[in-house]
Amino acid sequence: MATQQISVFLENKPGTLAEFCKVLEKNNIDMRAMCVADAMDFGIVRVIVDDVYSTVTILKDEGYVCQITKVLTVEMEDKPGALGKILSLLTDANINLEYTYAFLSRKKAKAYLIVKVNERKKAEQILSGAGIHVVQQDELSDIFGN
């Protein structure tokens, strides 16, 4: 099972990200991780939240175009070389990394990597087989300290 990420399309102009954040605040949605990518006319905000379906419903009601994407959340040691080990495992298995971003949690000495890959299930098997913990959606509350 993967982590569910919400991808939201925003017009690329001043204030749209701030307005998006206000919608989350107004609805008491706690964003746990975020990545922003831009193109010429629009941006894509990728967020990890605890309650994906409620958040998507709220965003659609507010007029946002969004979708749920399955990604992997990988727990790693918060130390030099940990990221390289994970990326090498994916490379050695010929798994293409489409994008990635990371976040820290309240767990001491742990960091978390969000990865979107071309072969998610294979990547999960490779990483798990190497002793790397792939976080499931229902574990996010524990990571975030809820």
# chains A, B, ... in the order shown; residues from 1 in each chain; ligands from 1
$ select_by_dssp --residues "segment 9-86 of chain A" --states "alpha helix (DSSP H)" --output "list in words"
Thr16, Leu17, Ala18, Glu19, Phe20, Cys21, Lys22, Val23, Leu24, Glu25, Lys26, Val52, Tyr53, Ser54, Thr55, Val56, Thr57, Ile58, Leu59, Lys60, Asp61, Ala82, Leu83, Gly84, Lys85 and Ile86 of chain A
$ residues_around --residues "Lys13 of chain A" --least-positions-apart "6" --cutoff "10 Å" --atoms "only C-alpha atoms" --output "list in words"
Met40, Asp41, Phe42 and Gly43 of chain A
$ write_last_selection --atoms "N, CA, C and O atoms" --output "compact mmCIF listing (two decimals), in the first residue's frame"
# COMPACT_ATOMS: atom_id res chain seq x y z
N MET A 40 5.03 27.39 -16.79
CA MET A 40 4.82 28.77 -17.23
C MET A 40 3.55 29.39 -16.63
O MET A 40 3.59 30.44 -16.04
N ASP A 41 2.43 28.72 -16.80
CA ASP A 41 1.16 29.32 -16.43
C ASP A 41 0.53 28.73 -15.17
O ASP A 41 -0.45 29.26 -14.67
N PHE A 42 1.06 27.63 -14.68
CA PHE A 42 0.46 27.00 -13.51
C PHE A 42 1.55 26.37 -12.65
O PHE A 42 2.68 26.20 -13.09
N GLY A 43 1.16 26.04 -11.45
CA GLY A 43 2.04 25.31 -10.55
C GLY A 43 1.33 24.08 -10.04
O GLY A 43 0.10 24.00 -10.09
$ closest_residue --among "A:Leu72, A:Leu97, A:Cys66, A:Met31" --to "Val135 of chain A" --atoms "only C-alpha atoms"
A:Leu72
$ select_by_dssp --residues "chain A" --states "strand (DSSP E)" --output "number ranges by chain"
A: 3-11, 31-38, 42-49, 65-77, 97-104, 110-117, 134-135
$ residues_around --residues "Ser105 of chain A" --least-positions-apart "3" --cutoff "8 Å" --atoms "only C-alpha atoms" --output "list in words"
Lys108, Lys110, Ala111, Tyr112, Ile143 and Phe144 of chain A
$ write_last_selection --atoms "N, CA and C atoms" --output "CSV table (one decimal), in the first residue's frame"
chain,number,residue,atom,x,y,z
A,108,LYS,N,13.1,11.4,16.6
A,108,LYS,CA,14.6,11.8,16.5
A,108,LYS,C,15.3,10.9,15.6
A,110,LYS,N,15.2,10.6,12.4
A,110,LYS,CA,14.6,10.0,11.3
A,110,LYS,C,14.2,11.1,10.3
A,111,ALA,N,14.2,10.8,9.0
A,111,ALA,CA,13.7,11.7,8.0
A,111,ALA,C,12.9,10.8,7.1
A,112,TYR,N,12.1,11.5,6.3
A,112,TYR,CA,11.1,10.7,5.4
A,112,TYR,C,11.2,11.3,4.0
A,143,ILE,N,3.7,9.0,12.8
A,143,ILE,CA,4.9,9.8,12.4
A,143,ILE,C,4.7,11.3,12.7
A,144,PHE,N,3.5,11.8,12.5
A,144,PHE,CA,3.2,13.2,12.7
A,144,PHE,C,2.9,13.5,14.2
$ closest_residue --among "A:Leu140, A:Glu98, A:Glu124, A:Ile58" --to "Glu25 of chain A" --atoms "only C-alpha atoms"
A:Ile58
$ residues_around --residues "Leu113 of chain A" --least-positions-apart "4" --cutoff "8 Å" --atoms "only C-alpha atoms" --output "compact mmCIF listing (two decimals) with N, CA, C and O atoms, in the first residue's frame"
# COMPACT_ATOMS: atom_id res chain seq x y z
N LEU A 72 5.44 6.66 -2.60
CA LEU A 72 6.04 5.93 -1.48
C LEU A 72 6.59 6.92 -0.47
O LEU A 72 7.19 7.94 -0.85
N THR A 73 6.40 6.61 0.79
CA THR A 73 7.05 7.35 1.87
C THR A 73 8.05 6.40 2.49
O THR A 73 7.69 5.33 2.97
N VAL A 74 9.30 6.79 2.47
CA VAL A 74 10.39 5.93 2.91
C VAL A 74 11.04 6.53 4.14
O VAL A 74 11.44 7.70 4.13
N GLU A 75 11.11 5.74 5.20
CA GLU A 75 11.79 6.19 6.42
C GLU A 75 13.28 5.95 6.26
O GLU A 75 13.70 4.88 5.79
N MET A 76 14.07 6.95 6.64
CA MET A 76 15.52 6.79 6.54
C MET A 76 16.19 7.47 7.73
O MET A 76 15.59 8.32 8.39
N THR A 100 10.84 13.71 -6.12
CA THR A 100 11.01 13.39 -4.72
C THR A 100 11.01 14.66 -3.88
O THR A 100 11.33 15.74 -4.38
N TYR A 101 10.63 14.54 -2.63
CA TYR A 101 10.78 15.59 -1.64
C TYR A 101 10.82 14.93 -0.28
O TYR A 101 10.52 13.74 -0.15
N ALA A 102 11.25 15.65 0.71
CA ALA A 102 11.46 15.04 2.03
C ALA A 102 10.85 15.90 3.12
O ALA A 102 10.53 17.06 2.93
N PHE A 103 10.69 15.27 4.29
CA PHE A 103 10.26 15.99 5.48
C PHE A 103 10.84 15.32 6.71
O PHE A 103 11.26 14.17 6.67
$ closest_residue --among "A:Leu104, A:Ile126, A:Leu10, A:Val134" --to "Asp38 of chain A" --atoms "only C-alpha atoms"
A:Leu10
$ atom_distance --atom1 "atom CA of Ala93 of chain A" --atom2 "atom CA of Lys70 of chain A"
19.6 Å
$ atom_distance --atom1 "atom CA of Leu87 of chain A" --atom2 "atom CA of Val71 of chain A"
15.0 Å
$ residues_around --residues "Ala109 of chain A" --least-positions-apart "5" --cutoff "8 Å" --atoms "only C-alpha atoms" --output "PDB file with N, CA, C and O atoms, in the first residue's frame"
ATOM      1  N   GLU A  77      17.397   7.065   7.981  1.00  0.00           N
ATOM      2  CA  GLU A  77      18.177   7.711   9.026  1.00  0.00           C
ATOM      3  C   GLU A  77      18.462   9.145   8.598  1.00  0.00           C
ATOM      4  O   GLU A  77      18.690   9.408   7.420  1.00  0.00           O
ATOM      5  N   ASP A  78      18.420  10.055   9.532  1.00  0.00           N
ATOM      6  CA  ASP A  78      18.729  11.455   9.248  1.00  0.00           C
ATOM      7  C   ASP A  78      20.230  11.656   9.401  1.00  0.00           C
ATOM      8  O   ASP A  78      20.713  12.203  10.389  1.00  0.00           O
ATOM      9  N   LYS A  79      20.961  11.127   8.404  1.00  0.00           N
ATOM     10  CA  LYS A  79      22.424  11.213   8.442  1.00  0.00           C
ATOM     11  C   LYS A  79      22.963  11.169   7.017  1.00  0.00           C
ATOM     12  O   LYS A  79      22.278  10.701   6.107  1.00  0.00           O
TER      13      LYS A  79
END
$ residues_around --residues "Ser54 of chain A" --least-positions-apart "6" --cutoff "10 Å" --atoms "only C-alpha atoms" --output "list in words"
Asn27, Ile29 and Lys60 of chain A
$ write_last_selection --atoms "N, CA and C atoms" --output "compact mmCIF listing (two decimals), in the first residue's frame"
# COMPACT_ATOMS: atom_id res chain seq x y z
N ASN A 27 -10.19 25.17 7.17
CA ASN A 27 -10.80 23.86 7.35
C ASN A 27 -10.01 22.95 8.30
N ILE A 29 -7.01 21.79 8.25
CA ILE A 29 -6.24 20.74 7.60
C ILE A 29 -4.77 21.02 7.84
N LYS A 60 -12.09 20.48 -3.75
CA LYS A 60 -12.97 20.51 -4.93
C LYS A 60 -14.16 21.43 -4.70
$ residues_around --residues "Glu62 of chain A" --least-positions-apart "4" --cutoff "10 Å" --atoms "only C-alpha atoms" --output "VMD selection string"
chain A and resid 20 23 56 to 58
$ write_last_selection --atoms "N, CA and C atoms" --output "compact mmCIF listing (two decimals), in the first residue's frame"
# COMPACT_ATOMS: atom_id res chain seq x y z
N PHE A 20 -4.49 29.17 -1.18
CA PHE A 20 -4.61 27.72 -0.97
C PHE A 20 -4.36 27.38 0.50
N VAL A 23 -7.26 28.23 2.72
CA VAL A 23 -8.34 27.24 2.64
C VAL A 23 -8.05 26.07 3.58
N VAL A 56 -9.55 16.41 -0.16
CA VAL A 56 -9.88 16.51 -1.58
C VAL A 56 -11.30 17.03 -1.77
N THR A 57 -12.22 16.55 -0.96
CA THR A 57 -13.61 17.02 -1.05
C THR A 57 -13.69 18.52 -0.78
N ILE A 58 -13.01 18.97 0.24
CA ILE A 58 -13.01 20.40 0.58
C ILE A 58 -12.39 21.21 -0.56
$ atom_distance --atom1 "atom CA of Cys35 of chain A" --atom2 "atom CA of Ile68 of chain A"
14.4 Å
